[in-house]
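Down below is the structure, laid out as C-alpha cells.
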Amino acid sequence: MSELTAIYYIWRRELIRFSRSKSRIIGSLAMPFFFLAIIGTGLGSVVTVANGSYLDFMAPGILAMVVLFGSIFSGVIVIMDRQFGFLKETMVAPVRRTSIVIGKALGGATTAVIQGLLMLGIAMLLGAHIEMVDILPAVALMFMVSVMFVSLGIAIASTMEDMQGFQLVMNFLVMPMFFLSGALFPLTTAPDPIRWLSYINPMTYVVEALRYLLTGTSTMPIAVSGGILGFSLVLSVLLATWLFNRIES
Amino acid sequence: MQRTEGVNAIEVEGLTKRFGALAAVDNVSLTISNGEIFGLLGPNGAGKTTLISMLVTMKRPTAGHAKVNGYDVQKQADKVRESIGIVFQDSSLDEELTAYENLELHGAMYNMDRKEAEARIKEVIKMVELEDRLHHIVKTFSGGMRRRLEIARGLLHCPDVLFLDEPTIGLDPQTRQHIWSYIKKMQKERGITIVITTHYMDEADLLCDRVAIIDHGKIIALDKSSALKDSLGGDILSIETPCSDKLKEAFGKLAWVGEAKCHDGSLTLRVTKGEQRIPVLMEIARKKGIAVESVSLHKPTLDDVFLHYTGKTIREEEVSPNESLRARVASRRRSG
C-alpha cells in the first residue's frame with residue numbers, strides 16, 4: 001500500500017509543479033499553435049491531402065507534437081531535480097525507485113494530456129473537423145503515448161549529469177522524431193530514406209494512430225500502430241526503470 | 001521503527017570507497033553509540049561526505065561493511081533508510097512546492113499514516129519556528145529558513161539516527177546558534193543519534209560528544225574533544241613581567257610546568273588546568289617579590305588539534321580557489 005501512496009504523491013507533485021508554471025503551459029502551446037495557425041492554414045490553401053483539408057491532416061500531427069514535447073520535457077526534468085538536489089531526497093527515501101519512475105511517468109503523462117487537450121481545443125477553434133465522440137479514445141491513446149515518452153525522457157536524464165545535454169536531446173532527438181513522423185506531410189509519397197527512417201521512429205505510429213482515431217483515415221491499420229506503440233511503451237518503461245535504478249547520486 | 005536496544009547506532013568496519021585510483025574513504029572503522037552526537041571533522045575533500053553517502057545508502061562501498069541502527073547498509077538498505085533522517089549539504093527541497101507540500105511528500109515516501117503525518121508536520125514546523133510560512137512556496141525562503149525546513153523534514157518520520165552534512169555552512173551566526181540549540185534539544189528530548197560533519201571547529205567542540213578527524217580518507221584521531229585537546233599537552237600561559245628570567249627560574253622547578261620559555265619581557269608556560277594554576281603561580285611571584293603586569297591563558301582549541309594532526313589549519317584548506325568559489329556561490333544562493 002505504501003508504494004501506491006508514494007506513487008500518488010509523486011504524481012501529485014508533478015501536477016502541482018505544472019499548475020504553478022503558467023509560462024511553461026503557454027510556452028508549450030505557442031510553437032504548435034503557430035505551426036497549425038500559420039503553416040496549417042497557409043499551406044491549406046495550396047495543398048490538399050488525400051480526401052481532406054490539410055488542416056485536418058495536420059491537426060493530429062500537431063497534437064502528437066504537443067504530447068511528445070510535453071512528455072519528453074517532463075522526463076528530462078529529472079536532471080533539474082538532480083541539479084537542485086531534490087533527487088537526493090527521493091533516492092534515500094524507503095521507496096522503490098520503480099515507484100518513483102511510475103509516479104513521475106503518470107504525473108508527466110497527465111500534464112502532457114492536459115496540454116494535448118488544450119491543443120485539441122485550439123485546433124477545433126482553428127477549424128479542424130473533430131468529432132466529440134473521438135476525443136475520449138484519443139485521450140486514452142495520448143496518455144499511453146505520454147507514459148512512453150516520459151519514460152524515454154527519464155531514461156535519457158538518468159544518463160546525463162546536467163542540463164547542458166538538454167539542448168542536444170531537443171535538437172538531435174526530439175526535433176527529428178517530430179519531422180520524420182508524417183505529422184506534416186504524408187509518408188506514402190515521401191522519398192525512400194525518409195520513409196525508412198520514419199518506420200523506426202515510434203512517433204510515426206503515434207501520428208498514425210491519432211490520425212486514425214480523430215479523422216478515421218490512416219495509412220496503416222490501427223492494430224499495427226497500436227501494437228507497435230504498446231511494445232515501445234513496455235520497452236521504454238523498462239529502460240527508464242533500469243537506468244534510473246542505476247543512478248548513484 | 002523501534003530502536004533495537006543494545007545495538008550501536010553505527011558500526012563501520014574497513015569501509016572503503018575508491019574512485020579509480022583515489023581512495024576517497026580508506027579503510028575506516030568506527031563505532032557510534034546510541035544517543036551520541038558524533039562529529040566528523042576534516043578539510044574539504046577529506047572524505048566526510050563520501051563516508052556519509054555510504055552510510056545513508058547513496059553510494060555503494062568498494063570494500064568493508066557498515067551497519068546503521070543494526071542494519072547492513074548494502075543488504076538491508078530499505079531498513080536503513082527507514083531508520084535515518086538526512087540533512088544534506090546542499091538543499092534538497094523542491095523549491096516549487098510549499099513547505100507543507102514538501103513535508104507531506106516526505107511523509108508519504110516514509111510510509112507515514114496521514115493523520116500521524118499531519119500531527120508531526122505541525123510539531124516539526126513549530127520546532128523550527130516556521131509555522132507562519134507553512135503554506136509559502138520554498139522559493140521565497142531565505143537560506144536559513146530552508147535549512148530549518150530541511151532539518152524539520154529530516155526529523156518528520158522520527159528517525160533513530162540523524163545525519164547532518166554541514167548543517168550550518170554559509171549561514172549567519174544567529175541562525176547557526178539557532179540550529180545548534182535544535183540539535184541539542186533533539187538529542188536530549190528524543191535520544192536520537194546524530195552524526196554531523198562540519199568544518200567549523202567551535203561548532204564541533206560545542207555540540208559533539210566525540211569527534212573524529214578525517215583527512216585523506218582516513219580517520220587520524222577520534223575521541224572526546226576535551227581529550228583531543230588535552231593530548232596536546234595542556235594550556236599556554238603568557239605572563240608579562242619585567243623580570244621574566246627570574247620568574248622562569250622559580251616556575252621551572254615546579255613539577256606541573258611542562259615547558260617554560262622567555263622572550264622579550266614575557267614568559268610562556270605550558271601547564272595543564274591553567275585556570276587553577278594561575279593563583280598558585282601568582283602567590284609564588286608575590287612571595288619572591290616579582291611584579292607581574294598581566295597573565296593570559298590560551299586553551300587549546302580543536303583548531304590546534306586539527307593543526308597538530310593534519311599539519312595545516314582548516315582555514316588554509318578553506319581558501320583553495322575551488323572551495324572559495326563554491327562557498328561564494330552557496331552563500332549567494334542562500335542569502336536573500
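How things are named: the first chain in the C-alpha cells is A, the next is B, and so on; residues count from 1 in each chain; ligands count from 1 in the order shown.
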
Taking only C-alpha atoms into account, what are the residues of chain B at most 7 Å from chain A, put as a list in words?
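Result: Val56, Thr57, Met58, Lys59, Asp78, Arg81, Glu82, Asp90, Ser91, Ser92, Leu93, Asp94, Glu96, Leu105, Ala108, Met109, Tyr110 and Asn111 of chain B.
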
Give me the residues within 9 Å of Ile77 of chain A as a tab-separated table (two decimals) with C-alpha atoms, in the first residue's frame, counting only C-alpha atoms and dropping any in the same chain fewer than 3 places off.
chain	number	residue	atom	x	y	z
A	72	ILE	CA	9.89	14.29	-23.03
A	73	PHE	CA	10.34	17.53	-21.12
A	74	SER	CA	8.62	16.06	-18.05
A	80	MET	CA	16.77	19.55	-12.82
A	81	ASP	CA	15.78	17.55	-9.77
A	82	ARG	CA	19.30	16.29	-9.74
A	153	GLY	CA	12.91	11.25	-21.04
A	154	ILE	CA	13.67	9.73	-17.63
A	157	ALA	CA	18.02	12.07	-17.97
A	163	MET	CA	21.08	20.47	-18.17

Contact residues around Asn34 of chain B with only C-alpha atoms at 8 Å, ignoring same-chain residues under 4 positions, as a PyMOL selection string
chain B and resi 7-9+191-193

Export, as a compact mmCIF listing (two decimals), in the first residue's frame, the selected residues with N, CA, C and O atoms.
# COMPACT_ATOMS: atom_id res chain seq x y z
N VAL B 7 22.02 -2.18 20.55
CA VAL B 7 22.78 -2.18 19.30
C VAL B 7 23.40 -0.80 19.12
O VAL B 7 22.76 0.21 19.39
N ASN B 8 24.62 -0.76 18.67
CA ASN B 8 25.22 0.53 18.40
C ASN B 8 24.51 1.19 17.23
O ASN B 8 24.05 0.51 16.32
N ALA B 9 24.42 2.52 17.29
CA ALA B 9 23.74 3.24 16.21
C ALA B 9 24.46 3.00 14.89
O ALA B 9 23.83 2.77 13.87
N GLY B 191 16.58 11.46 22.36
CA GLY B 191 17.65 10.49 22.50
C GLY B 191 18.12 9.92 21.17
O GLY B 191 18.60 8.79 21.10
N ILE B 192 17.96 10.69 20.09
CA ILE B 192 18.40 10.15 18.81
C ILE B 192 19.91 10.36 18.63
O ILE B 192 20.51 11.21 19.27
N THR B 193 20.46 9.54 17.79
CA THR B 193 21.88 9.62 17.50
C THR B 193 22.07 10.62 16.37
O THR B 193 21.31 10.62 15.41

Polymer residues at most 12 Å from Gly75 of chain A, only C-alpha atoms, same-chain spacing of 5 or more positions, as a PyMOL selection string
chain A and resi 14+68-70+80-81+100-109+111-112+146-158+166+169+236-237+240+244

Take the selection from the previous step and output its residues with C-alpha atoms, as a short mmCIF file (atom, residue, chain, number, x, y, z; two decimals), in the first residue's frame.
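Contents of result-v2.cif, as written:
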data_model
loop_
_atom_site.label_atom_id
_atom_site.label_comp_id
_atom_site.auth_asym_id
_atom_site.auth_seq_id
_atom_site.Cartn_x
_atom_site.Cartn_y
_atom_site.Cartn_z
CA GLU A 14 4.16 16.80 -10.96
CA LEU A 68 5.87 14.44 -27.47
CA PHE A 69 7.43 17.73 -26.37
CA GLY A 70 5.44 17.90 -23.15
CA MET A 80 16.77 19.55 -12.82
CA ASP A 81 15.78 17.55 -9.77
CA ILE A 100 9.33 6.91 -8.29
CA VAL A 101 9.59 6.24 -12.04
CA ILE A 102 5.94 5.18 -12.20
CA GLY A 103 4.75 8.23 -10.22
CA LYS A 104 6.78 10.54 -12.42
CA ALA A 105 5.66 8.86 -15.63
CA LEU A 106 1.99 9.04 -14.66
CA GLY A 107 2.35 12.63 -13.47
CA GLY A 108 4.21 13.75 -16.57
CA ALA A 109 1.69 11.93 -18.77
CA THR A 111 0.27 17.07 -17.65
CA ALA A 112 1.07 16.17 -21.26
CA SER A 146 2.87 10.16 -22.90
CA VAL A 147 3.85 7.48 -20.38
CA MET A 148 6.12 6.10 -23.09
CA PHE A 149 7.78 9.43 -23.85
CA VAL A 150 8.13 10.49 -20.21
CA SER A 151 9.87 7.18 -19.59
CA LEU A 152 12.14 7.82 -22.53
CA GLY A 153 12.91 11.25 -21.04
CA ILE A 154 13.67 9.73 -17.63
CA ALA A 155 15.92 7.15 -19.29
CA ILE A 156 17.86 9.89 -21.08
CA ALA A 157 18.02 12.07 -17.97
CA SER A 158 19.35 9.18 -15.89
CA PHE A 166 19.10 19.00 -22.80
CA VAL A 169 18.37 15.96 -26.87
CA SER A 236 10.72 2.44 -22.61
CA VAL A 237 9.27 1.92 -19.12
CA ALA A 240 13.68 4.05 -17.66
CA PHE A 244 17.01 5.23 -13.05
#

Please return as a list in words: the residues of segment 127-174 of chain B that backbone DSSP assigns to alpha helix (DSSP H).
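Matching residues for alpha helix (DSSP H) in segment 127-174 of chain B are Met127, Gly143, Gly144, Met145, Arg146, Arg147, Arg148, Leu149, Glu150, Ile151, Ala152, Arg153, Gly154, Leu155, Pro173 and Gln174 of chain B.
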
Residues of the last selection are to be written out with N, CA, C and O atoms, as a short mmCIF file (atom, residue, chain, number, x, y, z; two decimals), in the first residue's frame.
data_model
loop_
_atom_site.label_atom_id
_atom_site.label_comp_id
_atom_site.auth_asym_id
_atom_site.auth_seq_id
_atom_site.Cartn_x
_atom_site.Cartn_y
_atom_site.Cartn_z
N MET B 127 8.83 23.49 15.83
CA MET B 127 10.16 23.37 16.40
C MET B 127 11.15 24.28 15.67
O MET B 127 12.01 24.90 16.29
N GLY B 143 18.05 31.45 3.03
CA GLY B 143 18.91 30.29 3.25
C GLY B 143 18.69 29.64 4.61
O GLY B 143 18.58 28.42 4.72
N GLY B 144 18.60 30.47 5.64
CA GLY B 144 18.41 29.94 6.98
C GLY B 144 17.09 29.22 7.12
O GLY B 144 17.00 28.16 7.76
N MET B 145 16.06 29.78 6.52
CA MET B 145 14.74 29.16 6.60
C MET B 145 14.72 27.81 5.89
O MET B 145 14.11 26.86 6.36
N ARG B 146 15.40 27.74 4.76
CA ARG B 146 15.46 26.47 4.02
C ARG B 146 16.14 25.39 4.85
O ARG B 146 15.70 24.26 4.92
N ARG B 147 17.26 25.78 5.46
CA ARG B 147 17.98 24.82 6.30
C ARG B 147 17.07 24.31 7.42
O ARG B 147 17.02 23.14 7.70
N ARG B 148 16.37 25.24 8.05
CA ARG B 148 15.50 24.85 9.15
C ARG B 148 14.41 23.93 8.65
O ARG B 148 14.06 22.93 9.29
N LEU B 149 13.88 24.24 7.49
CA LEU B 149 12.84 23.38 6.93
C LEU B 149 13.40 21.99 6.63
O LEU B 149 12.75 20.97 6.86
N GLU B 150 14.64 21.96 6.14
CA GLU B 150 15.24 20.66 5.86
C GLU B 150 15.45 19.85 7.13
O GLU B 150 15.28 18.63 7.13
N ILE B 151 15.83 20.55 8.19
CA ILE B 151 16.00 19.84 9.46
C ILE B 151 14.65 19.30 9.93
O ILE B 151 14.54 18.15 10.36
N ALA B 152 13.62 20.12 9.78
CA ALA B 152 12.27 19.67 10.15
C ALA B 152 11.89 18.44 9.34
O ALA B 152 11.36 17.47 9.87
N ARG B 153 12.20 18.46 8.06
CA ARG B 153 11.84 17.34 7.20
C ARG B 153 12.63 16.09 7.59
O ARG B 153 12.08 14.99 7.62
N GLY B 154 13.91 16.28 7.90
CA GLY B 154 14.73 15.15 8.30
C GLY B 154 14.22 14.47 9.56
O GLY B 154 14.46 13.28 9.77
N LEU B 155 13.51 15.23 10.38
CA LEU B 155 13.03 14.69 11.65
C LEU B 155 11.59 14.22 11.59
O LEU B 155 11.09 13.59 12.53
N PRO B 173 25.69 33.91 11.97
CA PRO B 173 25.92 33.38 13.32
C PRO B 173 24.63 33.13 14.10
O PRO B 173 24.51 32.14 14.81
N GLN B 174 23.66 34.01 13.92
CA GLN B 174 22.42 33.88 14.68
C GLN B 174 21.68 32.59 14.30
O GLN B 174 21.23 31.83 15.17
#

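Note that atom CA of Glu208 of chain A and atom CA of Thr189 of chain A are 15.0 Å apart.
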